[in-house]
>>> print(open('query.cif').read())   # mmCIF, C-alpha atoms and all ligand atoms
data_protein
loop_
_atom_site.group_PDB
_atom_site.id
_atom_site.type_symbol
_atom_site.label_atom_id
_atom_site.label_comp_id
_atom_site.auth_asym_id
_atom_site.auth_seq_id
_atom_site.Cartn_x
_atom_site.Cartn_y
_atom_site.Cartn_z
ATOM 1 C CA MET A 1 20.125 -9.351 -10.879
ATOM 2 C CA ALA A 2 17.752 -9.158 -7.905
ATOM 3 C CA ASP A 3 14.353 -10.791 -8.330
ATOM 4 C CA ASN A 4 12.084 -7.762 -8.388
ATOM 5 C CA ILE A 5 8.350 -8.033 -8.912
ATOM 6 C CA LEU A 6 7.997 -4.349 -9.840
ATOM 7 C CA GLU A 7 10.504 -1.868 -11.190
ATOM 8 C CA LEU A 8 9.984 1.832 -11.804
ATOM 9 C CA SER A 9 12.728 3.669 -13.630
ATOM 10 C CA ASP A 10 12.843 7.426 -14.041
ATOM 11 C CA VAL A 11 9.060 7.713 -13.738
ATOM 12 C CA CYS A 12 7.646 11.206 -14.113
ATOM 13 C CA ALA A 13 3.934 11.822 -13.641
ATOM 14 C CA ASP A 14 1.578 14.795 -13.770
ATOM 15 C CA ILE A 15 -1.682 15.621 -12.085
ATOM 16 C CA ASP A 16 -3.477 18.140 -14.291
ATOM 17 C CA GLN A 17 -0.835 20.777 -15.124
ATOM 18 C CA TYR A 18 1.338 19.934 -12.084
ATOM 19 C CA HIS A 19 4.518 17.855 -12.296
ATOM 20 C CA ILE A 20 4.334 15.627 -9.203
ATOM 21 C CA LEU A 21 6.790 12.769 -9.761
ATOM 22 C CA HIS A 22 10.218 13.825 -11.013
ATOM 23 C CA GLY A 23 12.006 10.590 -11.936
ATOM 24 C CA VAL A 24 11.078 7.848 -9.481
ATOM 25 C CA ASP A 25 13.431 4.837 -9.335
ATOM 26 C CA LEU A 26 12.021 2.022 -7.249
ATOM 27 C CA ALA A 27 12.400 -1.751 -7.213
ATOM 28 C CA LEU A 28 10.262 -4.065 -5.103
ATOM 29 C CA PRO A 29 11.806 -7.427 -4.187
ATOM 30 C CA ARG A 30 9.434 -10.346 -4.820
ATOM 31 C CA GLY A 31 7.694 -11.631 -1.686
ATOM 32 C CA GLU A 32 8.879 -8.780 0.543
ATOM 33 C CA LEU A 33 7.186 -5.925 2.342
ATOM 34 C CA THR A 34 8.633 -2.583 1.266
ATOM 35 C CA VAL A 35 7.713 0.542 3.185
ATOM 36 C CA LEU A 36 7.528 3.847 1.337
ATOM 37 C CA LEU A 37 8.243 6.673 3.749
ATOM 38 C CA GLY A 38 8.499 10.434 3.354
ATOM 39 C CA ARG A 39 7.112 13.686 4.600
ATOM 40 C CA ASN A 40 3.634 14.956 3.711
ATOM 41 C CA GLY A 41 3.364 15.855 0.054
ATOM 42 C CA ALA A 42 6.497 13.914 -0.960
ATOM 43 C CA GLY A 43 4.571 11.978 -3.621
ATOM 44 C CA LYS A 44 3.939 8.611 -1.917
ATOM 45 C CA SER A 45 0.225 8.355 -2.722
ATOM 46 C CA THR A 46 0.878 9.585 -6.239
ATOM 47 C CA THR A 47 3.439 6.805 -6.695
ATOM 48 C CA LEU A 48 0.840 4.175 -5.758
ATOM 49 C CA ARG A 49 -1.740 5.765 -8.044
ATOM 50 C CA THR A 50 0.815 5.893 -10.844
ATOM 51 C CA ILE A 51 1.560 2.162 -10.496
ATOM 52 C CA MET A 52 -2.207 1.548 -10.836
ATOM 53 C CA GLY A 53 -2.382 3.659 -14.008
ATOM 54 C CA LEU A 54 -4.366 6.438 -12.357
ATOM 55 C CA THR A 55 -2.056 9.336 -13.251
ATOM 56 C CA LYS A 56 -0.535 10.538 -16.494
ATOM 57 C CA VAL A 57 2.998 9.158 -16.881
ATOM 58 C CA THR A 58 5.091 11.544 -18.975
ATOM 59 C CA ARG A 59 8.454 9.758 -18.856
ATOM 60 C CA GLY A 60 10.047 6.537 -17.661
ATOM 61 C CA GLU A 61 9.108 2.886 -17.454
ATOM 62 C CA LEU A 62 7.086 0.695 -15.087
ATOM 63 C CA ARG A 63 7.588 -3.069 -15.262
ATOM 64 C CA PHE A 64 5.503 -5.628 -13.385
ATOM 65 C CA GLN A 65 6.729 -9.225 -13.590
ATOM 66 C CA GLY A 66 9.130 -8.008 -16.287
ATOM 67 C CA GLN A 67 6.391 -6.566 -18.524
ATOM 68 C CA SER A 68 5.653 -2.910 -19.148
ATOM 69 C CA ILE A 69 2.497 -1.575 -17.516
ATOM 70 C CA ARG A 70 2.975 1.996 -18.712
ATOM 71 C CA GLY A 71 -0.244 3.085 -20.414
ATOM 72 C CA VAL A 72 -2.092 -0.120 -19.445
ATOM 73 C CA PRO A 73 -5.657 0.653 -18.229
ATOM 74 C CA THR A 74 -6.236 0.306 -14.479
ATOM 75 C CA PRO A 75 -8.634 -2.700 -14.647
ATOM 76 C CA ALA A 76 -6.076 -4.593 -16.732
ATOM 77 C CA ILE A 77 -3.326 -3.769 -14.215
ATOM 78 C CA ALA A 78 -5.579 -5.128 -11.454
ATOM 79 C CA ARG A 79 -6.220 -8.306 -13.461
ATOM 80 C CA ARG A 80 -2.479 -8.860 -13.809
ATOM 81 C CA GLY A 81 -2.343 -9.230 -10.019
ATOM 82 C CA ILE A 82 -1.864 -5.818 -8.389
ATOM 83 C CA ALA A 83 -4.387 -4.796 -5.731
ATOM 84 C CA PHE A 84 -4.689 -1.267 -4.351
ATOM 85 C CA VAL A 85 -6.090 -0.150 -0.992
ATOM 86 C CA PRO A 86 -6.339 3.649 -1.289
ATOM 87 C CA GLU A 87 -6.205 5.936 1.719
ATOM 88 C CA HIS A 88 -9.977 6.364 1.633
ATOM 89 C CA MET A 89 -10.390 2.593 1.396
ATOM 90 C CA GLY A 90 -13.033 2.473 -1.355
ATOM 91 C CA ILE A 91 -15.593 0.407 0.528
ATOM 92 C CA PHE A 92 -19.378 0.671 0.045
ATOM 93 C CA SER A 93 -20.837 1.971 3.329
ATOM 94 C CA LEU A 94 -24.465 1.073 2.629
ATOM 95 C CA LEU A 95 -23.674 -2.484 1.584
ATOM 96 C CA SER A 96 -23.026 -5.268 4.074
ATOM 97 C CA VAL A 97 -19.570 -6.625 4.753
ATOM 98 C CA ARG A 98 -20.580 -9.741 2.780
ATOM 99 C CA GLU A 99 -21.774 -7.676 -0.205
ATOM 100 C CA ASN A 100 -18.551 -5.676 -0.176
ATOM 101 C CA MET A 101 -16.597 -8.927 -0.344
ATOM 102 C CA VAL A 102 -18.783 -10.424 -3.090
ATOM 103 C CA LEU A 103 -18.216 -7.340 -5.249
ATOM 104 C CA ALA A 104 -14.465 -7.673 -4.802
ATOM 105 C CA ALA A 105 -14.345 -11.328 -5.844
ATOM 106 C CA ILE A 106 -13.877 -11.951 -9.547
ATOM 107 C CA GLY A 107 -17.182 -13.363 -10.811
ATOM 108 C CA GLY A 108 -18.779 -12.816 -7.384
ATOM 109 C CA ALA A 109 -18.027 -16.322 -6.075
ATOM 110 C CA MET A 110 -15.823 -16.488 -2.992
ATOM 111 C CA ASP A 111 -13.541 -19.414 -2.415
ATOM 112 C CA GLU A 112 -14.544 -20.932 0.965
ATOM 113 C CA ALA A 113 -11.018 -21.796 2.048
ATOM 114 C CA ARG A 114 -9.817 -18.307 1.182
ATOM 115 C CA LEU A 115 -12.718 -16.775 3.093
ATOM 116 C CA ASP A 116 -11.803 -18.842 6.161
ATOM 117 C CA TRP A 117 -8.242 -17.578 5.857
ATOM 118 C CA ILE A 118 -9.569 -13.992 5.691
ATOM 119 C CA PHE A 119 -11.792 -14.515 8.765
ATOM 120 C CA ASN A 120 -8.755 -15.798 10.581
ATOM 121 C CA LEU A 121 -6.814 -12.725 9.460
ATOM 122 C CA PHE A 122 -9.606 -10.294 10.404
ATOM 123 C CA PRO A 123 -12.025 -11.898 12.921
ATOM 124 C CA PRO A 124 -14.347 -8.817 13.165
ATOM 125 C CA LEU A 125 -15.378 -9.320 9.529
ATOM 126 C CA LYS A 126 -16.979 -12.650 10.432
ATOM 127 C CA ARG A 127 -18.755 -11.072 13.404
ATOM 128 C CA PHE A 128 -20.199 -8.208 11.354
ATOM 129 C CA TRP A 129 -20.697 -10.193 8.144
ATOM 130 C CA ASP A 130 -24.296 -9.018 7.559
ATOM 131 C CA LYS A 131 -23.906 -5.511 8.995
ATOM 132 C CA PRO A 132 -23.588 -2.432 6.776
ATOM 133 C CA ALA A 133 -19.918 -1.594 6.248
ATOM 134 C CA GLY A 134 -20.656 2.003 7.260
ATOM 135 C CA THR A 135 -21.322 0.865 10.849
ATOM 136 C CA LEU A 136 -17.830 -0.626 11.288
ATOM 137 C CA SER A 137 -15.145 1.179 13.292
ATOM 138 C CA GLY A 138 -12.269 2.846 11.433
ATOM 139 C CA GLY A 139 -9.983 -0.112 12.055
ATOM 140 C CA GLN A 140 -12.605 -2.628 10.967
ATOM 141 C CA LYS A 141 -13.200 -0.654 7.759
ATOM 142 C CA GLN A 142 -9.472 -0.805 7.074
ATOM 143 C CA MET A 143 -9.601 -4.586 7.641
ATOM 144 C CA LEU A 144 -12.486 -4.855 5.165
ATOM 145 C CA ALA A 145 -10.604 -2.772 2.599
ATOM 146 C CA ILE A 146 -7.550 -5.040 2.855
ATOM 147 C CA ALA A 147 -9.718 -8.178 2.858
ATOM 148 C CA ARG A 148 -11.369 -7.019 -0.380
ATOM 149 C CA ALA A 149 -7.933 -6.552 -1.906
ATOM 150 C CA VAL A 150 -6.832 -10.099 -1.041
ATOM 151 C CA ILE A 151 -10.059 -12.059 -1.622
ATOM 152 C CA GLU A 152 -8.355 -13.192 -4.835
ATOM 153 C CA PRO A 153 -4.723 -14.312 -4.712
ATOM 154 C CA ARG A 154 -2.494 -11.318 -5.526
ATOM 155 C CA GLU A 155 1.106 -10.916 -6.519
ATOM 156 C CA LEU A 156 1.427 -7.372 -5.212
ATOM 157 C CA LEU A 157 -0.572 -5.329 -2.745
ATOM 158 C CA LEU A 158 -0.341 -1.524 -2.565
ATOM 159 C CA VAL A 159 -1.653 -0.067 0.703
ATOM 160 C CA ASP A 160 -1.862 3.647 1.469
ATOM 161 C CA GLU A 161 -1.515 4.659 5.145
ATOM 162 C CA PRO A 162 -3.594 1.901 6.756
ATOM 163 C CA THR A 163 -2.888 3.094 10.319
ATOM 164 C CA LYS A 164 -4.008 6.685 9.845
ATOM 165 C CA GLY A 165 -6.251 7.755 12.711
ATOM 166 C CA LEU A 166 -6.387 4.284 14.320
ATOM 167 C CA ALA A 167 -5.981 3.378 18.009
ATOM 168 C CA PRO A 168 -2.812 1.481 19.058
ATOM 169 C CA ALA A 169 -4.640 -1.816 19.762
ATOM 170 C CA ILE A 170 -6.120 -1.880 16.257
ATOM 171 C CA ILE A 171 -2.766 -0.911 14.739
ATOM 172 C CA ASN A 172 -1.318 -3.948 16.493
ATOM 173 C CA ASP A 173 -4.035 -6.207 15.018
ATOM 174 C CA LEU A 174 -3.294 -4.786 11.571
ATOM 175 C CA ALA A 175 0.418 -5.438 12.044
ATOM 176 C CA ASP A 176 -0.377 -9.092 12.888
ATOM 177 C CA ALA A 177 -2.433 -9.357 9.682
ATOM 178 C CA PHE A 178 0.414 -7.896 7.609
ATOM 179 C CA GLU A 179 2.787 -10.438 9.197
ATOM 180 C CA GLU A 180 0.481 -13.195 7.966
ATOM 181 C CA LEU A 181 0.342 -11.675 4.458
ATOM 182 C CA LYS A 182 4.137 -11.523 4.480
ATOM 183 C CA ALA A 183 4.245 -15.190 5.472
ATOM 184 C CA GLN A 184 2.202 -15.929 2.324
ATOM 185 C CA ARG A 185 4.969 -14.230 0.323
ATOM 186 C CA VAL A 186 2.645 -11.545 -1.084
ATOM 187 C CA ALA A 187 4.789 -8.570 -2.132
ATOM 188 C CA ILE A 188 3.515 -5.447 -0.391
ATOM 189 C CA LEU A 189 4.240 -1.768 -0.919
ATOM 190 C CA LEU A 190 3.089 0.051 2.184
ATOM 191 C CA VAL A 191 2.892 3.827 2.443
ATOM 192 C CA GLU A 192 3.196 4.762 6.106
ATOM 193 C CA GLN A 193 3.827 7.705 8.395
ATOM 194 C CA ASN A 194 3.933 5.569 11.552
ATOM 195 C CA PHE A 195 7.611 4.721 11.906
ATOM 196 C CA ASN A 196 7.189 2.091 14.622
ATOM 197 C CA PHE A 197 4.660 0.178 12.490
ATOM 198 C CA SER A 198 6.943 0.542 9.452
ATOM 199 C CA ARG A 199 10.000 -0.605 11.354
ATOM 200 C CA ARG A 200 8.203 -3.691 12.665
ATOM 201 C CA LEU A 201 6.954 -4.816 9.256
ATOM 202 C CA GLY A 202 9.325 -3.483 6.635
ATOM 203 C CA GLN A 203 12.009 -5.641 5.057
ATOM 204 C CA SER A 204 13.051 -3.067 2.509
ATOM 205 C CA VAL A 205 12.441 0.653 2.630
ATOM 206 C CA ALA A 206 12.343 3.558 0.231
ATOM 207 C CA VAL A 207 12.154 7.203 1.211
ATOM 208 C CA MET A 208 10.642 9.911 -1.011
ATOM 209 C CA SER A 209 11.196 13.619 -1.084
ATOM 210 C CA ASP A 210 9.845 16.088 -3.606
ATOM 211 C CA GLY A 211 8.702 13.492 -6.130
ATOM 212 C CA ARG A 212 11.866 11.363 -6.077
ATOM 213 C CA ILE A 213 13.244 8.390 -4.167
ATOM 214 C CA VAL A 214 16.095 9.719 -2.043
ATOM 215 C CA HIS A 215 16.993 6.530 -0.158
ATOM 216 C CA ARG A 216 16.614 2.789 -0.764
ATOM 217 C CA GLY A 217 17.845 0.003 1.467
ATOM 218 C CA ARG A 218 17.056 -2.550 4.165
ATOM 219 C CA MET A 219 14.644 -1.395 6.868
ATOM 220 C CA ALA A 220 16.837 -2.961 9.566
ATOM 221 C CA ASP A 221 19.668 -0.613 8.586
ATOM 222 C CA LEU A 222 17.478 2.515 8.660
ATOM 223 C CA ALA A 223 15.894 1.385 11.964
ATOM 224 C CA GLU A 224 19.344 1.333 13.561
ATOM 225 C CA ASP A 225 20.555 4.628 12.149
ATOM 226 C CA GLU A 226 18.922 7.496 14.018
ATOM 227 C CA ALA A 227 21.024 10.128 12.287
ATOM 228 C CA LEU A 228 19.796 8.909 8.896
ATOM 229 C CA GLN A 229 16.209 8.885 10.162
ATOM 230 C CA ARG A 230 16.593 12.499 11.242
ATOM 231 C CA GLU A 231 18.118 13.463 7.927
ATOM 232 C CA LEU A 232 15.558 11.650 5.750
ATOM 233 C CA LEU A 233 12.407 11.870 7.810
ATOM 234 C CA GLY A 234 12.965 14.573 10.373
ATOM 235 C CA LEU A 235 12.222 12.016 13.095
ATOM 236 C CA GLY A 236 12.922 13.058 16.651
ATOM 237 C CA LEU A 237 13.330 10.909 19.717
ATOM 238 C CA GLY A 238 9.545 10.434 19.949
ATOM 239 C CA ALA A 239 9.667 7.952 17.083
ATOM 240 C CA HIS A 240 11.697 5.537 19.191
ATOM 241 C CA GLN A 241 9.501 5.355 22.251
HETATM 242 N N1 LIG B 301 -5.286 16.382 -7.312
HETATM 243 C C1 LIG B 301 -4.163 17.099 -7.128
HETATM 244 N N2 LIG B 301 -3.977 18.285 -7.734
HETATM 245 C C2 LIG B 301 -2.843 18.999 -7.570
HETATM 246 N N3 LIG B 301 -1.825 18.610 -6.803
HETATM 247 C C3 LIG B 301 -1.942 17.445 -6.176
HETATM 248 C C4 LIG B 301 -3.108 16.605 -6.290
HETATM 249 N N4 LIG B 301 -2.914 15.504 -5.550
HETATM 250 C C5 LIG B 301 -1.708 15.635 -4.975
HETATM 251 N N5 LIG B 301 -1.131 16.796 -5.351
HETATM 252 C C6 LIG B 301 0.187 17.290 -4.928
HETATM 253 O O1 LIG B 301 1.142 16.297 -5.230
HETATM 254 C C7 LIG B 301 2.151 16.256 -4.225
HETATM 255 C C8 LIG B 301 2.294 14.833 -3.753
HETATM 256 O O2 LIG B 301 1.089 14.417 -3.118
HETATM 257 P P1 LIG B 301 0.914 12.965 -2.505
HETATM 258 O O3 LIG B 301 -0.484 12.865 -1.964
HETATM 259 O O4 LIG B 301 1.353 11.969 -3.501
HETATM 260 O O5 LIG B 301 1.953 13.001 -1.310
HETATM 261 P P2 LIG B 301 2.143 12.026 -0.090
HETATM 262 O O6 LIG B 301 3.608 11.811 0.045
HETATM 263 O O7 LIG B 301 1.283 10.828 -0.258
HETATM 264 O O8 LIG B 301 1.681 12.904 1.123
HETATM 265 P P3 LIG B 301 0.486 12.725 2.177
HETATM 266 O O9 LIG B 301 1.044 11.851 3.227
HETATM 267 O O10 LIG B 301 0.248 14.127 2.636
HETATM 268 O O11 LIG B 301 -0.671 12.128 1.422
HETATM 269 C C9 LIG B 301 1.724 17.227 -3.142
HETATM 270 O O12 LIG B 301 2.449 18.420 -3.306
HETATM 271 C C10 LIG B 301 0.272 17.453 -3.430
HETATM 272 O O13 LIG B 301 -0.122 18.756 -3.054
#
>>> encode(input="query.cif", output="structure tokens", more="lines below")
Ligand SMILES: Nc1ncnc2c1ncn2[C@@H]1O[C@H](COP(=O)(O)OP(=O)(O)OP(=O)(O)O)[C@@H](O)[C@H]1O
Amino acid sequence: MADNILELSDVCADIDQYHILHGVDLALPRGELTVLLGRNGAGKSTTLRTIMGLTKVTRGELRFQGQSIRGVPTPAIARRGIAFVPEHMGIFSLLSVRENMVLAAIGGAMDEARLDWIFNLFPPLKRFWDKPAGTLSGGQKQMLAIARAVIEPRELLLVDEPTKGLAPAIINDLADAFEELKAQRVAILLVEQNFNFSRRLGQSVAVMSDGRIVHRGRMADLAEDEALQRELLGLGLGAHQ
């Protein structure tokens, strides 16, 4: 059997009275970056929130490191080693970059060596260390949000659309940082709409449609198959430029 860090089988989830996930089957290989693709409204963000225990699961099973996390409270899921960077990043605008990081570290103490590694990953955070997070650019805020998620060693990182609204140069810096996280063998589930970014980083890929996974495989195979991209994602030639 493949060595999967997280497995979802037949997961159904509701938001209020709405059925949003309709039987999600997903397996994340340990130490790999998996991209979750799909059109707007397919259920990608809801899948991440469901893994974190933030939606009501009505059917199915979620296993992290072989153990069920269905019904486990969100803080306990985080303590088991899953970090979540939501689309809106969850940083504190009025607090400094340093204060944001201190709040993210368990017990408030930051490991010096780990902080050096983070500064190397995201140099602007060192430059703006004592500045309010609200004064950072969009890309720098995204860097801070990811840095907060990895200030403690993590087994699995869930990141929702980190490139949304960012300029190409910053997207490139973010891609470099994800390469470094991959090199550390952190498993990552990345929700993305930017196919070029996804293609560069993804090892495995899953595609969602209408609350289900409709394709799972190697990213290299999907990247080569333009007909499949069109069928699954509606991508035109523009995605390949
Ligand atoms: N709070 C909510 N109340 C009702 N419906 C919701 C709520 N949040 C999401 N939905 C619905 O759930 C479905 C899946 O949304 P979700 O945000 O998970 O999709 P997505 O694939 O991440 O798309 P996007 O890229 O647009 O965020 C959509 O039809 C959306 O309208």
>>> closest_residue(input="query.cif", among="A:Glu231, A:Asp130, A:Asp210, A:Asp221", to="A:His22", atoms="all atoms listed in the file")
A:Asp210
>>> closest_atom_pairs(input="query.cif", of="chain A", to="ligand LIG 301 (chain B)", cutoff="6 Å", atoms="all atoms listed in the file", output="CSV")
residue,atom,partner,partner_atom,distance
A:Ile15,CA,B:LIG301,N2,5.6
A:Ile20,CA,B:LIG301,O1,5.1
A:Asn40,CA,B:LIG301,O10,3.6
A:Gly41,CA,B:LIG301,O5,3.5
A:Ala42,CA,B:LIG301,O6,3.7
A:Gly43,CA,B:LIG301,O4,3.2
A:Lys44,CA,B:LIG301,O6,3.8
A:Ser45,CA,B:LIG301,O7,3.6
A:Thr46,CA,B:LIG301,O4,3.7
>>> write_last_selection(input="query.cif", atoms="C-alpha atoms", output="PDB file, keeping the file's coordinate frame")
ATOM      1  CA  ILE A  15      -1.682  15.621 -12.085  1.00  0.00           C
ATOM      2  CA  ILE A  20       4.334  15.627  -9.203  1.00  0.00           C
ATOM      3  CA  ASN A  40       3.634  14.956   3.711  1.00  0.00           C
ATOM      4  CA  GLY A  41       3.364  15.855   0.054  1.00  0.00           C
ATOM      5  CA  ALA A  42       6.497  13.914  -0.960  1.00  0.00           C
ATOM      6  CA  GLY A  43       4.571  11.978  -3.621  1.00  0.00           C
ATOM      7  CA  LYS A  44       3.939   8.611  -1.917  1.00  0.00           C
ATOM      8  CA  SER A  45       0.225   8.355  -2.722  1.00  0.00           C
ATOM      9  CA  THR A  46       0.878   9.585  -6.239  1.00  0.00           C
TER      10      THR A  46
END
>>> atom_distance(input="query.cif", atom1="atom CA of A:Val72", atom2="atom CA of A:Thr58")
13.7 Å
>>> residues_around(input="query.cif", residues="stretch 172-186 of chain A", least_positions_apart="2", cutoff="9 Å", atoms="all atoms listed in the file", output="list in words")
Arg30, Gly31, Glu32, Leu33, Leu121, Phe122, Gly139, Gln142, Met143, Pro153, Arg154, Glu155, Leu156, Leu157, Pro162, Thr163, Ala167, Pro168, Ala169, Ile170, Ile188, Phe197, Arg200 and Leu201 of chain A
>>> resolve_selection(input="query.cif", expression="the PyMOL selection byres (((chain A and resi 53) around 10) and not hetatm)", output="PyMOL selection string")
chain A and resi 47-52+54-57+62+69-78
>>> write_last_selection(input="query.cif", atoms="C-alpha atoms", output="PDB file, keeping the file's coordinate frame")
ATOM      1  CA  THR A  47       3.439   6.805  -6.695  1.00  0.00           C
ATOM      2  CA  LEU A  48       0.840   4.175  -5.758  1.00  0.00           C
ATOM      3  CA  ARG A  49      -1.740   5.765  -8.044  1.00  0.00           C
ATOM      4  CA  THR A  50       0.815   5.893 -10.844  1.00  0.00           C
ATOM      5  CA  ILE A  51       1.560   2.162 -10.496  1.00  0.00           C
ATOM      6  CA  MET A  52      -2.207   1.548 -10.836  1.00  0.00           C
ATOM      7  CA  LEU A  54      -4.366   6.438 -12.357  1.00  0.00           C
ATOM      8  CA  THR A  55      -2.056   9.336 -13.251  1.00  0.00           C
ATOM      9  CA  LYS A  56      -0.535  10.538 -16.494  1.00  0.00           C
ATOM     10  CA  VAL A  57       2.998   9.158 -16.881  1.00  0.00           C
ATOM     11  CA  LEU A  62       7.086   0.695 -15.087  1.00  0.00           C
ATOM     12  CA  ILE A  69       2.497  -1.575 -17.516  1.00  0.00           C
ATOM     13  CA  ARG A  70       2.975   1.996 -18.712  1.00  0.00           C
ATOM     14  CA  GLY A  71      -0.244   3.085 -20.414  1.00  0.00           C
ATOM     15  CA  VAL A  72      -2.092  -0.120 -19.445  1.00  0.00           C
ATOM     16  CA  PRO A  73      -5.657   0.653 -18.229  1.00  0.00           C
ATOM     17  CA  THR A  74      -6.236   0.306 -14.479  1.00  0.00           C
ATOM     18  CA  PRO A  75      -8.634  -2.700 -14.647  1.00  0.00           C
ATOM     19  CA  ALA A  76      -6.076  -4.593 -16.732  1.00  0.00           C
ATOM     20  CA  ILE A  77      -3.326  -3.769 -14.215  1.00  0.00           C
ATOM     21  CA  ALA A  78      -5.579  -5.128 -11.454  1.00  0.00           C
TER      22      ALA A  78
END
>>> resolve_selection(input="query.cif", expression="the PyMOL selection byres (((chain A and resi 214) around 12) and not hetatm)", output="list in words")
His22, Gly23, Val24, Asp25, Leu26, Leu36, Leu37, Gly38, Arg39, Ala42, Gly43, Val205, Ala206, Val207, Met208, Ser209, Asp210, Gly211, Arg212, Ile213, His215, Arg216, Gly217, Leu228, Glu231, Leu232 and Leu233 of chain A
>>> atom_distance(input="query.cif", atom1="atom CA of A:Glu99", atom2="atom CA of A:Glu192")
28.6 Å
>>> atom_distance(input="query.cif", atom1="atom CA of A:Ser68", atom2="atom CA of A:Phe84")
18.1 Å
>>> closest_residue(input="query.cif", among="A:Leu166, A:Ser137, A:Ile5, A:Gly202", to="A:Leu222", atoms="only C-alpha atoms")
A:Gly202
>>> residues_around(input="query.cif", residues="A:Phe92", least_positions_apart="5", cutoff="12 Å", atoms="only C-alpha atoms", output="PyMOL selection string")
chain A and resi 97-104+131-136+141+144-145+148
>>> write_last_selection(input="query.cif", atoms="C-alpha atoms", output="CSV table (one decimal), keeping the file's coordinate frame")
chain,number,residue,atom,x,y,z
A,97,VAL,CA,-19.6,-6.6,4.8
A,98,ARG,CA,-20.6,-9.7,2.8
A,99,GLU,CA,-21.8,-7.7,-0.2
A,100,ASN,CA,-18.6,-5.7,-0.2
A,101,MET,CA,-16.6,-8.9,-0.3
A,102,VAL,CA,-18.8,-10.4,-3.1
A,103,LEU,CA,-18.2,-7.3,-5.2
A,104,ALA,CA,-14.5,-7.7,-4.8
A,131,LYS,CA,-23.9,-5.5,9.0
A,132,PRO,CA,-23.6,-2.4,6.8
A,133,ALA,CA,-19.9,-1.6,6.2
A,134,GLY,CA,-20.7,2.0,7.3
A,135,THR,CA,-21.3,0.9,10.8
A,136,LEU,CA,-17.8,-0.6,11.3
A,141,LYS,CA,-13.2,-0.7,7.8
A,144,LEU,CA,-12.5,-4.9,5.2
A,145,ALA,CA,-10.6,-2.8,2.6
A,148,ARG,CA,-11.4,-7.0,-0.4
>>> closest_residue(input="query.cif", among="A:Ile151, A:Gln203, A:Glu61, A:Leu28", to="A:Glu112", atoms="all atoms listed in the file")
A:Ile151
